[in-house]
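Novice: Once you've had a glance at the structure underneath, I'll fire off some questions.
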2 protein chains.
Amino acid sequence: MIPNRPFRPAPQNARDKLLEAGVKLIRQQGYAATSVGELCEEAGVTKGAFFHHFESKEALGAELARYWSTSTSGFFSDAPYRQIEDPLERILGYLDLRIALIGGPAESFSCVAGTMIQEGFRTSEPIRAACRESILGNADLFVEDFEQAISRYGVKADARSLSLHMQVVIQGAFILAKTQDTDDAAIAMARESLVHLKRYLELLFAKETTQ
Amino acid sequence: MIPNRPFRPAPQNARDKLLEAGVKLIRQQGYAATSVGELCEEAGVTKGAFFHHFESKEALGAELARYWSTSTSGFFSDAPYRQIEDPLERILGYLDLRIALIGGPAESFSCVAGTMIQEGFRTSEPIRAACRESILGNADLFVEDFEQAISRYGVKADARSLSLHMQVVIQGAFILAKTQDTDDAAIAMARESLVHLKRYLELLFAKETTQ
DNA sequence: GTGAACATACCAACCGGTCGGTATGGCGAG
DNA sequence: CTCGCCATACCGACCGGTTGGTATGTTCAC
């Protein structure tokens with residue numbers, strides 16, 4: 001779940017600096033391995049500032065998922081592919097955008113919420129809930145598109161289930177990308193899976209496959 | 001990547017007890033959040049035993065991925081679905097088995113390697129390499145099946161890419177499962193994604209969809 | 001002059017890892 | 001048969017450093 005820093009405004013206050021530091025460090029090494037001290041150093045603020053803005057490290061984790069969610073869903077609901085009239089083409093346009101956004105090292109295109117939920121789903125209810133909202137919220141963006149596509153193309157399928165499946169493939173693609181030795185291989189790996197997802201939707205909606 | 005304890009022999013020596021403890025605790029809370037002391041307590045051994053068998057915590061992490069890999073790939077290459085003659089049906093049989101194995105809480109059916117690689121892909125080369133082998137090794141089990149299916153059904157597709165895509169969906173399904181509030185919802189979520197994957201393969205190989 | 005936004009100094013608990021030691025069992029020499 | 005030798009398996013006290021978190025300022029806009 002993409003947007004790198006260039007997509008977001010450079011943070012001014014300590015709070016946002018800490019959240020940006022969280023995006024960077026937690027994507028790279030996970031939540032538990034990232035210490036409060038490290039976050040402060042990366043953000044260029046002190047521990048006092050940290051605990052002024054966040055009740056605990058756990059609170060930053062939960063806030064981070066919300067921060068992430070807000071910036072990414074804003075990005076995806078404003079992008080040009082939204083103007084495409086045909087609902088299926090709109091969804092495929094979204095996937096093309098995601099494919100295009102995959103670049104650089106894996107930690108620059110993977111998902112903060114997807115990383116955090118693996119560590120926190122049993123041990124931190126606030127983090128689980130926030131990551132849940134982030135991931136399912138992104139899926140929600142496409143339920144209506146799928147409903148329209150289903151009725152237009154007369155296909156028997158469940159709109160919500162398909163939206164969730166898109167998230168499944170995206171999250172899984174990030175994991176497989178992380179197994180690769182080089183950035184290029186990771187990029188190719190992640191993109192390939194999204195192409196499979198596109199083909200599934202094309203086949204399901206009985207459209208001629210581009211391949 | 002499934003098999004729960006019942007599929008593996010009860011460990012006798014300290015080494016295997018520690019690996020079993022690793023499977024349990026790291027699935028639940030991740031690698032970094034699991035301390036050596038905790039692993040020893042869960043395994044019922046002391047720190048001395050830990051560092052007698054493993055050079056470091058990191059070494060246990062890497063060994064754990066191999067341990068996991070060995071027991072799961074053994075399980076999947078011995079299972080009955082392997083006897084199915086038709087290569088596509090064999091692959092679909094594998095997915096049916098995976099669907100059937102999804103049960104209980106998310107930490108009992110999710111993948112140790114998929115959890116660890118998110119934390120270690122940048123910070124620990126031994127862990128990344130071991131998780132890579134585990135995940136890609138599982139995918140390798142089905143390359144030949146796909147090759148046979150592709151030539152039998154005369155479909156234009158890449159066998160290795162399809163095998164990897166199966167892993168993508170499986171890993172992604174585990175992440176989405178962890179977002180759910182209840183075990184039942186998590187189970188349903190994970191199974192649903194594998195059903196989508198089945199349908200993709202059925203459509204791709206031009207077989208009548210079961211749905 | 002008051003409250004939000006930070007900085008500094010500090011703490012107890014816990015972390016990964018070390019180390020000196022013991023219990024057990026295999027094995028070759030006498 | 002047995003005794004000495006040694007390797008392996010395991011124990012648990014201990015160490016220095018790091019952790020998340022706190023208590024107490026300081027600064028400055030309103």
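Ligands are numbered from 1 in the order shown, chains are lettered A, B, ... in the order of the structure tokens, and residues start at 1 in each chain.
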Might you pull out every residue within 10 Å of stretch 38-41 of chain B, with only C-alpha atoms (C1' of nucleotides) counted and same-chain residues fewer than 4 positions away left off, and present them as an mmCIF file with N, CA and C atoms, in the first residue's frame?
Specialist:
```cif
data_model
loop_
_atom_site.group_PDB
_atom_site.id
_atom_site.type_symbol
_atom_site.label_atom_id
_atom_site.label_comp_id
_atom_site.auth_asym_id
_atom_site.auth_seq_id
_atom_site.Cartn_x
_atom_site.Cartn_y
_atom_site.Cartn_z
ATOM 1 N N ALA B 14 15.919 -31.117 23.912
ATOM 2 C CA ALA B 14 15.750 -29.679 24.139
ATOM 3 C C ALA B 14 15.681 -28.906 22.836
ATOM 4 N N LYS B 17 12.269 -29.245 21.327
ATOM 5 C CA LYS B 17 11.311 -28.552 22.199
ATOM 6 C C LYS B 17 11.374 -27.046 21.960
ATOM 7 N N LEU B 18 12.590 -26.534 21.786
ATOM 8 C CA LEU B 18 12.761 -25.098 21.535
ATOM 9 C C LEU B 18 12.192 -24.704 20.178
ATOM 10 N N LEU B 19 12.374 -25.561 19.189
ATOM 11 C CA LEU B 19 11.828 -25.252 17.867
ATOM 12 C C LEU B 19 10.301 -25.257 17.908
ATOM 13 N N GLU B 20 9.734 -26.224 18.616
ATOM 14 C CA GLU B 20 8.271 -26.253 18.762
ATOM 15 C C GLU B 20 7.772 -25.007 19.492
ATOM 16 N N ALA B 21 8.505 -24.623 20.526
ATOM 17 C CA ALA B 21 8.140 -23.390 21.241
ATOM 18 C C ALA B 21 8.221 -22.201 20.301
ATOM 19 N N GLY B 22 9.215 -22.203 19.425
ATOM 20 C CA GLY B 22 9.368 -21.137 18.440
ATOM 21 C C GLY B 22 8.179 -21.079 17.495
ATOM 22 N N VAL B 23 7.764 -22.215 16.997
ATOM 23 C CA VAL B 23 6.592 -22.257 16.113
ATOM 24 C C VAL B 23 5.400 -21.606 16.804
ATOM 25 N N LYS B 24 5.165 -22.020 18.031
ATOM 26 C CA LYS B 24 3.991 -21.518 18.752
ATOM 27 C C LYS B 24 4.084 -20.017 19.046
ATOM 28 N N LEU B 25 5.177 -19.608 19.651
ATOM 29 C CA LEU B 25 5.271 -18.221 20.105
ATOM 30 C C LEU B 25 5.470 -17.236 18.959
ATOM 31 N N ILE B 26 6.270 -17.595 17.987
ATOM 32 C CA ILE B 26 6.538 -16.660 16.889
ATOM 33 C C ILE B 26 5.314 -16.499 15.991
ATOM 34 N N ALA B 33 9.337 -9.923 19.174
ATOM 35 C CA ALA B 33 8.626 -9.822 20.456
ATOM 36 C C ALA B 33 8.793 -11.075 21.300
ATOM 37 N N THR B 34 9.345 -12.118 20.714
ATOM 38 C CA THR B 34 9.545 -13.360 21.453
ATOM 39 C C THR B 34 10.964 -13.408 21.999
ATOM 40 N N VAL B 45 12.991 -25.682 29.167
ATOM 41 C CA VAL B 45 14.440 -25.874 29.271
ATOM 42 C C VAL B 45 15.077 -24.566 29.747
ATOM 43 N N THR B 46 16.353 -24.582 29.964
ATOM 44 C CA THR B 46 17.024 -23.393 30.481
ATOM 45 C C THR B 46 17.786 -22.671 29.363
ATOM 46 N N LYS B 47 18.264 -21.492 29.713
ATOM 47 C CA LYS B 47 19.024 -20.717 28.738
ATOM 48 C C LYS B 47 20.296 -21.425 28.314
ATOM 49 N N GLY B 48 20.870 -22.147 29.251
ATOM 50 C CA GLY B 48 22.075 -22.918 28.925
ATOM 51 C C GLY B 48 21.814 -23.865 27.768
ATOM 52 N N ALA B 49 20.668 -24.543 27.838
ATOM 53 C CA ALA B 49 20.307 -25.477 26.772
ATOM 54 C C ALA B 49 20.118 -24.739 25.455
ATOM 55 N N PHE B 50 19.480 -23.581 25.551
ATOM 56 C CA PHE B 50 19.248 -22.805 24.327
ATOM 57 C C PHE B 50 20.551 -22.524 23.604
ATOM 58 N N LYS B 57 19.933 -16.154 19.007
ATOM 59 C CA LYS B 57 18.497 -16.135 18.736
ATOM 60 C C LYS B 57 18.252 -16.153 17.230
#
```
Novice: At a cut-off of 9 Å, using only C-alpha atoms (C1' of nucleotides), what residues contact stretch 17-29 of chain D? Leave out same-chain residues fewer than 4 positions from it and give the result as a count of residues only.
Specialist: 16
Novice: Quick check, in Å to one decimal: how far apart do atom CA of A:Gln118 and atom CA of B:Gly137 lie?
Specialist: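 Between atom CA of A:Gln118 and atom CA of B:Gly137 the gap works out to 21.8 Å.
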Novice: Mind checking which residues fall within 9 Å of A:Glu192, counting only C-alpha atoms (C1' of nucleotides), ignoring those fewer than 3 positions away in the same chain, and posting them as a list in words?
Specialist: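 Near A:Glu192, the qualifying residues are Ile99, Ala173, Ile187, Ala188, Met189, Val195, His196 and Leu197 of chain A; Ser161 and His165 of chain B.
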Novice: What are the closest atom pairs, with distances in Å to one decimal, for each residue of chain B lying within 8 Å of chain A, using only C-alpha atoms, rows by chain and rising residue number, as JSON lines?
Specialist:
```
{"residue": "B:Gln28", "atom": "CA", "partner": "A:Arg122", "partner_atom": "CA", "distance": 6.2}
{"residue": "B:Gln29", "atom": "CA", "partner": "A:Glu119", "partner_atom": "CA", "distance": 5.0}
{"residue": "B:Gly30", "atom": "CA", "partner": "A:Glu119", "partner_atom": "CA", "distance": 4.8}
{"residue": "B:Ala32", "atom": "CA", "partner": "A:Ala33", "partner_atom": "CA", "distance": 5.6}
{"residue": "B:Ala33", "atom": "CA", "partner": "A:Ala32", "partner_atom": "CA", "distance": 5.5}
{"residue": "B:Gly114", "atom": "CA", "partner": "A:Ile175", "partner_atom": "CA", "distance": 6.7}
{"residue": "B:Thr115", "atom": "CA", "partner": "A:Gln118", "partner_atom": "CA", "distance": 6.3}
{"residue": "B:Ile117", "atom": "CA", "partner": "A:Lys178", "partner_atom": "CA", "distance": 6.9}
{"residue": "B:Gln118", "atom": "CA", "partner": "A:Thr115", "partner_atom": "CA", "distance": 6.3}
{"residue": "B:Glu119", "atom": "CA", "partner": "A:Gly30", "partner_atom": "CA", "distance": 4.9}
{"residue": "B:Gly120", "atom": "CA", "partner": "A:Gln29", "partner_atom": "CA", "distance": 6.4}
{"residue": "B:Phe121", "atom": "CA", "partner": "A:Lys178", "partner_atom": "CA", "distance": 6.0}
{"residue": "B:Arg122", "atom": "CA", "partner": "A:Gln28", "partner_atom": "CA", "distance": 6.2}
{"residue": "B:Thr123", "atom": "CA", "partner": "A:Gln29", "partner_atom": "CA", "distance": 6.3}
{"residue": "B:Arg128", "atom": "CA", "partner": "A:Thr179", "partner_atom": "CA", "distance": 6.5}
{"residue": "B:Ala129", "atom": "CA", "partner": "A:Thr179", "partner_atom": "CA", "distance": 7.5}
{"residue": "B:Cys131", "atom": "CA", "partner": "A:Thr179", "partner_atom": "CA", "distance": 7.1}
{"residue": "B:Arg132", "atom": "CA", "partner": "A:Thr179", "partner_atom": "CA", "distance": 4.8}
{"residue": "B:Ile135", "atom": "CA", "partner": "A:Thr179", "partner_atom": "CA", "distance": 8.0}
{"residue": "B:Ser161", "atom": "CA", "partner": "A:Glu192", "partner_atom": "CA", "distance": 7.5}
{"residue": "B:His165", "atom": "CA", "partner": "A:Ser193", "partner_atom": "CA", "distance": 5.8}
{"residue": "B:Gln167", "atom": "CA", "partner": "A:Gly172", "partner_atom": "CA", "distance": 7.6}
{"residue": "B:Val168", "atom": "CA", "partner": "A:Gly172", "partner_atom": "CA", "distance": 4.3}
{"residue": "B:Val169", "atom": "CA", "partner": "A:Val169", "partner_atom": "CA", "distance": 5.4}
{"residue": "B:Ile170", "atom": "CA", "partner": "A:Gly172", "partner_atom": "CA", "distance": 7.2}
{"residue": "B:Gln171", "atom": "CA", "partner": "A:Gly172", "partner_atom": "CA", "distance": 5.0}
{"residue": "B:Gly172", "atom": "CA", "partner": "A:Gly172", "partner_atom": "CA", "distance": 3.7}
{"residue": "B:Ala173", "atom": "CA", "partner": "A:Val168", "partner_atom": "CA", "distance": 5.4}
{"residue": "B:Ile175", "atom": "CA", "partner": "A:Gly114", "partner_atom": "CA", "distance": 6.7}
{"residue": "B:Leu176", "atom": "CA", "partner": "A:Val168", "partner_atom": "CA", "distance": 6.3}
{"residue": "B:Lys178", "atom": "CA", "partner": "A:Phe121", "partner_atom": "CA", "distance": 6.0}
{"residue": "B:Thr179", "atom": "CA", "partner": "A:Arg132", "partner_atom": "CA", "distance": 4.8}
{"residue": "B:Gln180", "atom": "CA", "partner": "A:Arg132", "partner_atom": "CA", "distance": 7.2}
{"residue": "B:Glu192", "atom": "CA", "partner": "A:Ser161", "partner_atom": "CA", "distance": 7.5}
{"residue": "B:Ser193", "atom": "CA", "partner": "A:His165", "partner_atom": "CA", "distance": 5.8}
{"residue": "B:His196", "atom": "CA", "partner": "A:His165", "partner_atom": "CA", "distance": 7.4}
{"residue": "B:Tyr200", "atom": "CA", "partner": "A:Tyr200", "partner_atom": "CA", "distance": 5.2}
{"residue": "B:Leu203", "atom": "CA", "partner": "A:Leu203", "partner_atom": "CA", "distance": 6.4}
{"residue": "B:Leu204", "atom": "CA", "partner": "A:Leu203", "partner_atom": "CA", "distance": 7.3}
```
Novice: Restrict the selected residues to N, CA and C atoms and save them as a tab-separated table (two decimals), in the first residue's frame.
Specialist:
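Output saved as part34.tsv:
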```
chain	number	residue	atom	x	y	z
B	28	GLN	N	2.37	-16.53	17.16
B	28	GLN	CA	1.45	-15.70	17.95
B	28	GLN	C	1.86	-14.24	18.00
B	29	GLN	N	3.16	-13.99	18.22
B	29	GLN	CA	3.58	-12.63	18.53
B	29	GLN	C	4.75	-12.12	17.70
B	30	GLY	N	5.20	-12.94	16.76
B	30	GLY	CA	6.30	-12.51	15.91
B	30	GLY	C	7.66	-12.85	16.51
B	32	ALA	N	10.63	-10.78	16.87
B	32	ALA	CA	11.30	-9.82	17.75
B	32	ALA	C	10.65	-9.75	19.13
B	33	ALA	N	9.34	-9.92	19.17
B	33	ALA	CA	8.63	-9.82	20.46
B	33	ALA	C	8.79	-11.07	21.30
B	114	GLY	N	6.31	-16.88	6.70
B	114	GLY	CA	5.66	-15.65	6.25
B	114	GLY	C	5.66	-14.58	7.33
B	115	THR	N	5.55	-15.01	8.57
B	115	THR	CA	5.59	-14.06	9.69
B	115	THR	C	7.01	-13.52	9.88
B	117	ILE	N	9.62	-13.40	7.82
B	117	ILE	CA	10.29	-12.65	6.75
B	117	ILE	C	9.92	-11.18	6.77
B	118	GLN	N	8.74	-10.87	7.26
B	118	GLN	CA	8.33	-9.46	7.34
B	118	GLN	C	9.24	-8.70	8.30
B	119	GLU	N	9.67	-9.38	9.36
B	119	GLU	CA	10.51	-8.71	10.34
B	119	GLU	C	11.99	-8.77	9.96
B	120	GLY	N	12.36	-9.82	9.26
B	120	GLY	CA	13.79	-10.07	9.07
B	120	GLY	C	14.35	-9.83	7.69
B	121	PHE	N	13.51	-9.46	6.72
B	121	PHE	CA	14.01	-9.44	5.34
B	121	PHE	C	15.11	-8.39	5.14
B	122	ARG	N	15.15	-7.36	5.96
B	122	ARG	CA	16.20	-6.35	5.84
B	122	ARG	C	17.22	-6.44	6.95
B	123	THR	N	16.83	-7.02	8.06
B	123	THR	CA	17.70	-6.96	9.25
B	123	THR	C	18.45	-8.25	9.52
B	128	ARG	N	16.19	-14.22	6.39
B	128	ARG	CA	15.60	-13.99	5.07
B	128	ARG	C	15.86	-15.19	4.16
B	129	ALA	N	17.08	-15.63	4.11
B	129	ALA	CA	17.44	-16.75	3.23
B	129	ALA	C	16.66	-18.01	3.58
B	131	CYS	N	13.77	-18.25	5.23
B	131	CYS	CA	12.34	-18.07	4.93
B	131	CYS	C	12.10	-18.15	3.43
B	132	ARG	N	13.02	-17.57	2.68
B	132	ARG	CA	12.94	-17.64	1.22
B	132	ARG	C	12.89	-19.10	0.76
B	135	ILE	N	9.46	-20.72	1.70
B	135	ILE	CA	8.28	-20.29	0.94
B	135	ILE	C	8.41	-20.69	-0.53
B	161	SER	N	5.39	-19.16	-12.38
B	161	SER	CA	4.65	-17.98	-11.96
B	161	SER	C	3.34	-18.35	-11.28
B	165	HIS	N	2.19	-17.69	-7.46
B	165	HIS	CA	0.93	-16.99	-7.19
B	165	HIS	C	0.08	-17.74	-6.15
B	167	GLN	N	1.28	-19.34	-3.63
B	167	GLN	CA	1.88	-18.93	-2.35
B	167	GLN	C	1.45	-17.52	-1.97
B	168	VAL	N	1.39	-16.65	-2.95
B	168	VAL	CA	0.97	-15.27	-2.70
B	168	VAL	C	-0.42	-15.25	-2.07
B	169	VAL	N	-1.33	-15.99	-2.68
B	169	VAL	CA	-2.71	-15.98	-2.18
B	169	VAL	C	-2.77	-16.61	-0.79
B	170	ILE	N	-2.04	-17.68	-0.59
B	170	ILE	CA	-2.03	-18.33	0.72
B	170	ILE	C	-1.49	-17.39	1.80
B	171	GLN	N	-0.36	-16.75	1.51
B	171	GLN	CA	0.24	-15.83	2.48
B	171	GLN	C	-0.68	-14.63	2.74
B	172	GLY	N	-1.24	-14.11	1.67
B	172	GLY	CA	-2.15	-12.97	1.82
B	172	GLY	C	-3.39	-13.35	2.61
B	173	ALA	N	-3.87	-14.55	2.39
B	173	ALA	CA	-5.06	-15.01	3.12
B	173	ALA	C	-4.81	-15.03	4.62
B	175	ILE	N	-2.78	-13.07	6.29
B	175	ILE	CA	-2.78	-11.69	6.79
B	175	ILE	C	-4.20	-11.18	6.96
B	176	LEU	N	-5.02	-11.39	5.94
B	176	LEU	CA	-6.40	-10.92	6.06
B	176	LEU	C	-7.13	-11.66	7.19
B	178	LYS	N	-5.96	-12.53	9.94
B	178	LYS	CA	-5.55	-11.93	11.21
B	178	LYS	C	-6.24	-10.61	11.50
B	179	THR	N	-6.89	-10.04	10.50
B	179	THR	CA	-7.64	-8.80	10.75
B	179	THR	C	-8.99	-9.09	11.41
B	180	GLN	N	-9.44	-10.32	11.33
B	180	GLN	CA	-10.80	-10.64	11.77
B	180	GLN	C	-10.92	-10.70	13.30
B	192	GLU	N	-12.16	-18.31	1.90
B	192	GLU	CA	-12.75	-17.61	0.76
B	192	GLU	C	-11.70	-17.26	-0.30
B	193	SER	N	-10.54	-16.82	0.19
B	193	SER	CA	-9.49	-16.44	-0.76
B	193	SER	C	-8.97	-17.63	-1.54
B	196	HIS	N	-11.30	-18.33	-4.29
B	196	HIS	CA	-11.04	-17.45	-5.43
B	196	HIS	C	-9.87	-17.97	-6.25
B	200	TYR	N	-9.86	-19.06	-10.15
B	200	TYR	CA	-8.93	-18.53	-11.15
B	200	TYR	C	-8.34	-19.65	-11.98
B	203	LEU	N	-10.91	-21.22	-14.26
B	203	LEU	CA	-11.20	-20.37	-15.41
B	203	LEU	C	-10.04	-20.37	-16.40
B	204	LEU	N	-8.84	-20.29	-15.85
B	204	LEU	CA	-7.65	-20.23	-16.69
B	204	LEU	C	-7.50	-21.50	-17.52
```
Novice: I need the residues in chain B that are helix (DSSP H, G or I) according to DSSP; give them as JSON, numbers by chain.
Specialist: {"B": [5, 6, 7, 14, 15, 16, 17, 18, 19, 20, 21, 22, 23, 24, 25, 26, 27, 28, 29, 36, 37, 38, 39, 40, 41, 42, 43, 47, 48, 49, 50, 51, 52, 53, 57, 58, 59, 60, 61, 62, 63, 64, 65, 66, 67, 68, 69, 70, 71, 72, 73, 74, 75, 76, 77, 78, 80, 81, 82, 83, 87, 88, 89, 90, 91, 92, 93, 94, 95, 96, 97, 98, 99, 100, 101, 106, 107, 108, 109, 112, 113, 114, 115, 116, 117, 118, 119, 120, 125, 126, 127, 128, 129, 130, 131, 132, 133, 134, 135, 136, 137, 138, 139, 140, 143, 144, 145, 146, 147, 148, 149, 150, 151, 152, 153, 159, 160, 161, 162, 163, 164, 165, 166, 167, 168, 169, 170, 171, 172, 173, 174, 175, 176, 177, 178, 179, 183, 184, 185, 186, 187, 188, 189, 190, 191, 192, 193, 194, 195, 196, 197, 198, 199, 200, 201, 202, 203, 204]}
Novice: Quick one: distance from atom CA of A:Gln83 to atom CA of A:Ala100 in Å, one decimal?
Specialist: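 Atom CA of A:Ala100 lies at a distance of 17.7 Å from atom CA of A:Gln83.
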Novice: So how far away is atom CA of A:Thr182 from atom CA of B:Phe76, in Å?
Specialist: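 Between these atoms lies a distance of 29.2 Å.
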Novice: Leaving out C:DG26 and any residue of its chain fewer than 5 positions from it, which residues lie within 12 Å of it when counting only C-alpha atoms (C1' of nucleotides), given as a list in words?
Specialist: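 After dropping sequence-adjacent residues, the list is DC5, DC6, DA7 and DT8 of chain D.
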Novice: Which residues of chain D come within 10 Å of chain B, and for each one, what is the closest pair of atoms and their distance in Å to one decimal, counting only C-alpha atoms (C1' of nucleotides), sorted by chain and residue number, as a tab-separated table?
Specialist:
```
residue	atom	partner	partner_atom	distance
D:DT8	C1'	B:His52	CA	9.8
D:DA9	C1'	B:Ala49	CA	7.6
D:DC10	C1'	B:Ala49	CA	5.3
D:DC11	C1'	B:Gly48	CA	6.1
D:DG12	C1'	B:Thr46	CA	7.4
```
Novice: Write the selection just made, keeping C-alpha atoms (C1' of nucleotides), as a PDB file, in the first residue's frame?
Specialist:
```
ATOM      1  C1'  DT D   8      27.589 -34.095  24.517  1.00  0.00           C
ATOM      2  C1'  DA D   9      23.577 -32.291  26.881  1.00  0.00           C
ATOM      3  C1'  DC D  10      22.048 -29.385  29.935  1.00  0.00           C
ATOM      4  C1'  DC D  11      21.888 -26.112  34.122  1.00  0.00           C
ATOM      5  C1'  DG D  12      21.257 -21.426  36.271  1.00  0.00           C
TER       6       DG D  12
END
```
Novice: Distance cut-off 12 Å, counting only C-alpha atoms (C1' of nucleotides) - which residues of chain C neighbour chain B? Return them as a compact mmCIF listing (two decimals) with C-alpha atoms (C1' of nucleotides), in the first residue's frame.
Specialist:
```txt
# COMPACT_ATOMS: atom_id res chain seq x y z
C1' DC C 14 14.22 -6.99 30.81
C1' DC C 15 17.12 -8.33 26.96
C1' DG C 16 20.53 -11.48 24.46
C1' DG C 17 24.43 -13.71 25.59
C1' DT C 18 28.39 -15.76 28.72
C1' DC C 19 30.40 -18.80 31.84
C1' DG C 20 31.71 -22.22 35.26
C1' DG C 21 29.86 -26.16 36.35
```
